[in-house]
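> The structure file coords33.cif (mmCIF, C-alpha atoms) is provided below.
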```
data_query
loop_
_atom_site.label_atom_id
_atom_site.label_comp_id
_atom_site.auth_asym_id
_atom_site.auth_seq_id
_atom_site.Cartn_x
_atom_site.Cartn_y
_atom_site.Cartn_z
CA MET A 6 0.52 -27.70 34.04
CA GLN A 7 -2.26 -26.06 32.06
CA ALA A 8 -4.69 -28.15 30.00
CA PRO A 9 -4.17 -27.47 26.27
CA ASN A 10 -6.65 -26.56 23.54
CA PRO A 11 -9.22 -29.36 23.13
CA ILE A 12 -9.28 -28.82 19.35
CA ALA A 13 -6.49 -30.57 17.45
CA PHE A 14 -7.20 -28.98 14.06
CA SER A 15 -10.03 -27.89 11.77
CA ILE A 16 -11.10 -29.11 8.34
CA PHE A 17 -13.34 -26.81 6.30
CA GLY A 18 -14.49 -25.14 9.49
CA PHE A 19 -15.20 -28.43 11.27
CA ASP A 20 -13.25 -28.83 14.51
CA ILE A 21 -11.50 -32.14 15.13
CA ARG A 22 -11.10 -32.61 18.87
CA TRP A 23 -8.32 -34.45 20.68
CA TYR A 24 -10.98 -36.35 22.63
CA GLY A 25 -12.22 -38.11 19.51
CA ILE A 26 -8.72 -38.72 18.16
CA LEU A 27 -7.55 -40.37 21.37
CA VAL A 28 -10.66 -42.50 21.83
CA GLY A 29 -10.34 -43.58 18.19
CA LEU A 30 -6.65 -44.37 18.66
CA GLY A 31 -7.49 -46.52 21.68
CA PHE A 32 -10.04 -48.49 19.64
CA LEU A 33 -7.63 -48.90 16.70
CA LEU A 34 -4.71 -50.21 18.76
CA GLY A 35 -7.04 -52.49 20.70
CA ILE A 36 -8.37 -54.03 17.49
CA LEU A 37 -4.92 -54.52 15.96
CA ILE A 38 -3.46 -56.15 19.07
CA SER A 39 -6.55 -58.33 19.58
CA TYR A 40 -6.41 -59.49 15.96
CA LYS A 41 -2.73 -60.36 16.32
CA ARG A 42 -3.15 -62.21 19.64
CA ALA A 43 -6.34 -64.12 18.76
CA PRO A 44 -4.67 -67.31 17.40
CA ARG A 45 -2.70 -67.72 20.62
CA LEU A 46 -5.98 -68.30 22.46
CA GLY A 47 -7.42 -70.47 19.72
CA ILE A 48 -9.72 -67.77 18.31
CA GLU A 49 -10.07 -66.89 14.63
CA PRO A 50 -8.85 -63.31 13.98
CA ASP A 51 -11.86 -62.66 11.74
CA ASN A 52 -14.12 -63.29 14.73
CA VAL A 53 -12.40 -60.36 16.44
CA LEU A 54 -13.24 -58.15 13.46
CA ASP A 55 -16.87 -59.31 13.54
CA PHE A 56 -17.03 -58.40 17.22
CA CYS A 57 -15.42 -54.97 16.72
CA LEU A 58 -17.73 -54.14 13.82
CA PHE A 59 -20.69 -54.17 16.21
CA MET A 60 -18.91 -53.35 19.46
CA ILE A 61 -17.46 -49.97 18.48
CA PRO A 62 -20.67 -48.11 17.59
CA LEU A 63 -22.81 -49.89 20.18
CA SER A 64 -20.35 -49.39 23.05
CA ILE A 65 -20.13 -45.68 22.25
CA ILE A 66 -23.92 -45.50 22.31
CA GLY A 67 -23.93 -47.43 25.59
CA ALA A 68 -21.28 -45.21 27.15
CA ARG A 69 -23.21 -42.09 26.16
CA ALA A 70 -26.57 -43.47 27.28
CA TYR A 71 -25.13 -44.47 30.66
CA TYR A 72 -23.75 -40.96 31.17
CA VAL A 73 -26.93 -39.22 30.06
CA ILE A 74 -29.14 -41.39 32.29
CA PHE A 75 -27.20 -40.33 35.39
CA GLN A 76 -27.23 -36.67 34.26
CA TRP A 77 -30.82 -36.63 33.07
CA ASP A 78 -31.72 -33.34 34.78
CA TYR A 79 -29.14 -31.64 32.54
CA TYR A 80 -29.96 -33.46 29.27
CA ALA A 81 -33.75 -33.87 29.55
CA GLY A 82 -35.55 -32.58 26.48
CA ASP A 83 -32.42 -31.44 24.63
CA ILE A 84 -31.60 -33.94 21.89
CA LYS A 85 -28.70 -31.82 20.63
CA LYS A 86 -26.94 -32.05 23.99
CA ILE A 87 -27.61 -35.78 24.18
CA LEU A 88 -26.02 -36.38 20.76
CA ASP A 89 -23.05 -34.07 21.31
CA ILE A 90 -20.41 -36.60 22.37
CA ARG A 91 -17.51 -34.65 20.86
CA SER A 92 -17.29 -32.49 23.98
CA GLY A 93 -17.04 -35.51 26.28
CA GLY A 94 -19.52 -37.38 28.40
CA LEU A 95 -18.84 -41.07 27.76
CA ALA A 96 -19.09 -43.34 30.80
CA ILE A 97 -16.69 -46.28 30.51
CA HIS A 98 -18.96 -48.53 32.57
CA GLY A 99 -21.76 -48.12 30.03
CA GLY A 100 -19.39 -49.02 27.21
CA LEU A 101 -18.09 -52.07 29.07
CA ILE A 102 -21.59 -53.35 29.78
CA VAL A 103 -22.74 -53.02 26.17
CA GLY A 104 -19.43 -54.36 24.84
CA THR A 105 -19.80 -57.46 27.00
CA ILE A 106 -23.35 -57.99 25.74
CA VAL A 107 -22.06 -57.78 22.15
CA ALA A 108 -19.32 -60.30 23.05
CA ILE A 109 -21.96 -62.71 24.37
CA ALA A 110 -23.91 -62.46 21.10
CA VAL A 111 -20.84 -62.86 18.87
CA CYS A 112 -19.52 -65.81 20.89
CA LYS A 113 -22.88 -67.54 20.73
CA TYR A 114 -23.06 -67.03 16.96
CA HIS A 115 -19.52 -68.27 16.29
CA LYS A 116 -19.66 -70.93 19.03
CA ILE A 117 -16.72 -69.44 20.92
CA LYS A 118 -16.20 -69.95 24.64
CA LEU A 119 -17.20 -66.59 26.11
CA LEU A 120 -14.67 -66.46 28.95
CA ASN A 121 -11.84 -67.31 26.55
CA PHE A 122 -12.91 -64.47 24.26
CA LEU A 123 -13.10 -62.04 27.19
CA ASP A 124 -9.62 -63.14 28.27
CA LEU A 125 -8.40 -62.16 24.80
CA MET A 126 -10.09 -58.77 24.65
CA PHE A 127 -9.76 -57.23 28.10
CA PRO A 128 -6.01 -56.52 28.16
CA GLN A 129 -6.64 -54.32 25.12
CA VAL A 130 -9.60 -52.70 26.89
CA ALA A 131 -7.16 -51.54 29.58
CA LEU A 132 -4.83 -50.15 26.90
CA GLY A 133 -7.69 -48.31 25.23
CA GLN A 134 -8.63 -46.75 28.55
CA ALA A 135 -5.03 -45.70 29.18
CA ILE A 136 -5.02 -43.82 25.87
CA GLY A 137 -8.57 -42.54 25.88
CA ARG A 138 -8.30 -41.01 29.35
CA TRP A 139 -6.01 -38.34 27.90
CA GLY A 140 -9.05 -37.04 26.05
CA ASN A 141 -10.35 -35.95 29.47
CA TYR A 142 -7.16 -33.92 29.91
CA PHE A 143 -7.73 -32.00 26.69
CA ASN A 144 -11.38 -31.43 27.64
CA SER A 145 -10.44 -30.30 31.18
CA GLU A 146 -12.81 -32.88 32.66
CA ALA A 147 -12.73 -35.97 34.90
CA HIS A 148 -10.34 -34.24 37.27
CA GLY A 149 -10.16 -34.20 41.03
CA GLY A 150 -10.36 -31.56 43.72
CA PRO A 151 -7.73 -28.99 44.72
CA THR A 152 -4.17 -30.17 45.39
CA ASP A 153 -0.72 -28.76 46.06
CA LEU A 154 1.03 -31.74 44.49
CA PRO A 155 3.62 -30.80 41.82
CA TRP A 156 1.87 -32.85 39.14
CA GLY A 157 -1.46 -31.07 39.61
CA ILE A 158 -3.06 -29.43 36.56
CA MET A 159 -4.66 -26.01 36.26
CA VAL A 160 -8.39 -26.01 35.52
CA ASP A 161 -10.36 -22.76 35.72
CA GLY A 162 -7.49 -21.14 37.59
CA GLU A 163 -7.28 -23.85 40.24
CA LYS A 164 -4.67 -26.58 40.68
CA VAL A 165 -6.44 -29.96 40.86
CA HIS A 166 -5.72 -33.69 40.93
CA PRO A 167 -5.19 -35.10 37.39
CA THR A 168 -7.34 -38.16 38.07
CA PHE A 169 -7.32 -38.97 34.35
CA LEU A 170 -3.54 -39.40 34.68
CA TYR A 171 -3.83 -41.72 37.68
CA GLU A 172 -6.24 -43.96 35.78
CA SER A 173 -4.20 -43.81 32.57
CA ILE A 174 -1.02 -44.96 34.33
CA TRP A 175 -2.88 -47.70 36.21
CA CYS A 176 -4.56 -49.00 33.04
CA LEU A 177 -1.26 -49.03 31.13
CA LEU A 178 0.35 -51.09 33.89
CA LEU A 179 -2.76 -53.28 33.99
CA PHE A 180 -2.44 -53.91 30.24
CA VAL A 181 1.17 -55.09 30.66
CA PHE A 182 0.27 -57.22 33.69
CA LEU A 183 -2.64 -58.91 31.93
CA LEU A 184 -0.46 -59.77 28.93
CA TYR A 185 2.06 -61.29 31.33
CA MET A 186 -0.62 -63.27 33.13
CA THR A 187 -2.12 -64.56 29.88
CA LYS A 188 1.03 -66.62 29.34
CA ARG A 189 0.54 -68.09 32.82
CA ARG A 190 -3.22 -68.46 32.74
CA ARG A 191 -4.42 -71.28 35.01
CA PHE A 192 -8.08 -71.23 34.03
CA THR A 193 -10.34 -69.70 31.39
CA GLY A 194 -11.74 -66.39 32.58
CA GLN A 195 -8.75 -65.55 34.79
CA ILE A 196 -7.60 -62.55 32.72
CA PHE A 197 -11.08 -61.10 32.44
CA LEU A 198 -11.67 -61.42 36.18
CA LEU A 199 -8.27 -59.93 37.02
CA TYR A 200 -9.16 -56.93 34.88
CA ALA A 201 -12.56 -56.59 36.54
CA MET A 202 -11.08 -56.68 40.05
CA LEU A 203 -7.99 -54.54 39.48
CA TYR A 204 -9.64 -51.86 37.38
CA SER A 205 -12.56 -51.62 39.80
CA LEU A 206 -10.14 -51.36 42.73
CA GLU A 207 -8.37 -48.40 41.11
CA ARG A 208 -11.62 -46.77 40.06
CA PHE A 209 -13.08 -47.02 43.56
CA PHE A 210 -10.24 -44.99 45.09
CA VAL A 211 -9.67 -42.55 42.21
CA GLU A 212 -13.38 -41.82 42.03
CA ALA A 213 -13.19 -40.52 45.60
CA LEU A 214 -10.96 -37.69 44.30
CA ARG A 215 -13.17 -36.70 41.38
CA THR A 216 -15.51 -33.73 41.50
CA ASP A 217 -17.73 -34.63 38.53
CA SER A 218 -18.91 -38.09 39.54
CA LEU A 219 -22.24 -39.52 38.46
CA MET A 220 -24.38 -40.11 41.53
CA ILE A 221 -26.87 -42.64 42.89
CA GLY A 222 -28.54 -40.62 45.60
CA PRO A 223 -25.78 -39.67 48.05
CA PHE A 224 -23.34 -42.25 46.63
CA LYS A 225 -20.97 -42.09 43.68
CA GLN A 226 -22.28 -44.65 41.21
CA ALA A 227 -18.81 -45.63 40.01
CA GLN A 228 -17.81 -46.54 43.55
CA VAL A 229 -21.00 -48.54 44.14
CA LEU A 230 -20.55 -50.41 40.87
CA SER A 231 -16.82 -50.91 41.44
CA LEU A 232 -17.37 -52.42 44.88
CA THR A 233 -20.08 -54.71 43.51
CA VAL A 234 -17.85 -55.87 40.63
CA ILE A 235 -14.92 -56.52 42.99
CA ILE A 236 -17.03 -58.77 45.22
CA ILE A 237 -18.66 -60.71 42.37
CA SER A 238 -15.39 -61.07 40.43
CA LEU A 239 -13.48 -62.23 43.50
CA LEU A 240 -16.06 -64.91 44.25
CA ALA A 241 -16.01 -66.05 40.61
CA TYR A 242 -12.19 -66.07 40.60
CA LEU A 243 -12.01 -68.23 43.72
CA PHE A 244 -14.65 -70.61 42.35
CA LEU A 245 -13.00 -71.07 38.94
CA SER A 246 -9.53 -71.33 40.46
CA LYS A 247 -10.65 -74.04 42.87
CA ARG A 248 -12.46 -75.92 40.10
CA ALA A 249 -9.34 -75.80 37.92
CA SER A 250 -7.21 -77.12 40.80
CA ASN A 251 -9.67 -79.93 41.47
CA ASN A 252 -9.72 -80.91 37.80
CA LYS A 253 -5.92 -81.11 37.76
CA SER A 254 -5.97 -83.25 40.90
CA GLU A 255 -8.52 -85.60 39.32
CA ILE A 256 -6.47 -85.87 36.12
CA LYS A 257 -3.28 -86.61 38.06
CA GLY A 258 -5.11 -89.20 40.14
CA GLU A 259 -6.39 -90.95 37.05
CA SER A 260 -2.95 -90.98 35.46
CA ILE A 261 -1.48 -92.61 38.57
CA LYS A 262 -4.10 -95.32 38.46
#
```
Show how you would write the structure in this file as structure tokens.

Amino acid sequence: MQAPNPIAFSIFGFDIRWYGILVGLGFLLGILISYKRAPRLGIEPDNVLDFCLFMIPLSIIGARAYYVIFQWDYYAGDIKKILDIRSGGLAIHGGLIVGTIVAIAVCKYHKIKLLNFLDLMFPQVALGQAIGRWGNYFNSEAHGGPTDLPWGIMVDGEKVHPTFLYESIWCLLLFVFLLYMTKRRRFTGQIFLLYAMLYSLERFFVEALRTDSLMIGPFKQAQVLSLTVIIISLLAYLFLSKRASNNKSEIKGESIK
């Protein structure tokens, strides 16, 4: 399978790239689904719009800044390269970090419980990733090393692992799973923490296949961050789960009395 043309169409000589279309589509669907689901978690839909108004531009800036920082030798002193996001170069971890900071600010302003808001938003984050990853396919980036597997893609005359596809499939399944778990949520923050653990688990292993990873010395930064997030999220999950169980036991005990 050969990667297609990264340019979808042109308007008055200005190229519109598939990368931007797919990232935009991921944002749009995420907003629509979040707006629709908000009342089910006791959140005003307009609060979702307030969040997205700030989150979209700031998370893109954060994703770009994160990528540029870890590729500074390439971007140093060239502002045009730094600002050229149409050709790729957005690090999802940077976007997630900034997006979470925006969520903290919005929740504080509207007096919303942060973990409840994160539970609402993160299934759609997984969906957005599932869609946006296909932008890497059109840009012939974020792929793995050589492979003989039948689903490999051709990049620069070499058949390689389509790591974008592995992550896209995983994130789509994660989206469905998180929606399912939301209906069975046992404590606030459960959905957010499940996303953090399960996405990081996938990213840790898929990152091992990639050939364009951002590095921290000899280590792949995505793997270091993923492992850290898995440990922290697991500890938080166990703590909140135990606290929820204890609270139920106390309530039952009081009702018996």
> Of the residues A:Leu88, A:Leu101, A:Ile12, A:Val165, which is the one nearest to Gly67 of chain A, using only C-alpha atoms?
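Smallest separation from Gly67 of chain A among the options: A:Leu101.
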> I need the residue nearest Leu179 of chain A from this list: A:Gly18, A:Pro128, A:Pro167, A:Pro9. Use all atoms listed in the file for the distance.
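Checking each of A:Gly18, A:Pro128, A:Pro167, A:Pro9 against Leu179 of chain A, counting all atoms listed in the file, the winner is A:Pro128.
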> Quick check on the file I pasted: which residues fall under the PyMOL selection byres ((chain A and resi 143) around 6)? Write them as a list in words.
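Applied to this file, the PyMOL selection byres ((chain A and resi 143) around 6) selects Ala8, Pro9, Pro11, Gly140, Asn141, Tyr142, Asn144 and Ser145 of chain A.
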> Between A:Tyr242, A:Phe197, A:Phe75, A:Phe192, which is the closest to Asp217 of chain A once you count all atoms listed in the file?
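For Asp217 of chain A, the nearest of the given residues is A:Phe75.
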> Atom CA of His166 of chain A and atom CA of Phe209 of chain A are how many Å apart?
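Answer for the atom CA of His166 of chain A to atom CA of Phe209 of chain A separation: 15.5 Å.
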> Which one is closest to Ile61 of chain A: A:Val107, A:Pro223, A:Val234, A:Lys164? Count only C-alpha atoms.
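Of A:Val107, A:Pro223, A:Val234, A:Lys164, the one nearest Ile61 of chain A is A:Val107, counting only C-alpha atoms.
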> Using only C-alpha atoms, pick whichever of A:Ala147, A:Glu172, A:Gly35, A:Tyr185 has the shortest atom-to-atom distance to Leu199 of chain A.
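Using only C-alpha atoms, Leu199 of chain A sits closest to A:Tyr185.
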> Just say which residues the PyMOL selection byres ((chain A and resi 151) around 12) picks in this file, as a compact mmCIF listing (two decimals) with C-alpha atoms, in the frame of the given file.

```txt
# COMPACT_ATOMS: atom_id res chain seq x y z
CA HIS A 148 -10.34 -34.24 37.27
CA GLY A 149 -10.16 -34.20 41.03
CA GLY A 150 -10.36 -31.56 43.72
CA THR A 152 -4.17 -30.17 45.39
CA ASP A 153 -0.72 -28.76 46.06
CA LEU A 154 1.03 -31.74 44.49
CA PRO A 155 3.62 -30.80 41.82
CA TRP A 156 1.87 -32.85 39.14
CA GLY A 157 -1.46 -31.07 39.61
CA ILE A 158 -3.06 -29.43 36.56
CA MET A 159 -4.66 -26.01 36.26
CA VAL A 160 -8.39 -26.01 35.52
CA ASP A 161 -10.36 -22.76 35.72
CA GLY A 162 -7.49 -21.14 37.59
CA GLU A 163 -7.28 -23.85 40.24
CA LYS A 164 -4.67 -26.58 40.68
CA VAL A 165 -6.44 -29.96 40.86
CA HIS A 166 -5.72 -33.69 40.93
CA PRO A 167 -5.19 -35.10 37.39
CA THR A 168 -7.34 -38.16 38.07
CA LEU A 214 -10.96 -37.69 44.30
CA ARG A 215 -13.17 -36.70 41.38
CA THR A 216 -15.51 -33.73 41.50
```
> What is the atom CA of Leu177 of chain A to atom CA of Ala135 of chain A distance in Å?
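Result for atom CA of Leu177 of chain A versus atom CA of Ala135 of chain A: 5.4 Å, one decimal.
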> List the neighbours of Val28 of chain A out to 12 Å using all atoms listed in the file; skip same-chain residues closer than 4 positions along the sequence, and give me the result as a ChimeraX atom specification.
/A:22-24,32-35,61,64-65,90-91,93,95,97,130,132-141,143
> Could you tell me how far atom CA of Tyr72 of chain A sits from atom CA of Gly94 of chain A, in Å to one decimal place?
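Computing the Euclidean distance for atom CA of Gly94 of chain A and atom CA of Tyr72 of chain A yields 6.2 Å.
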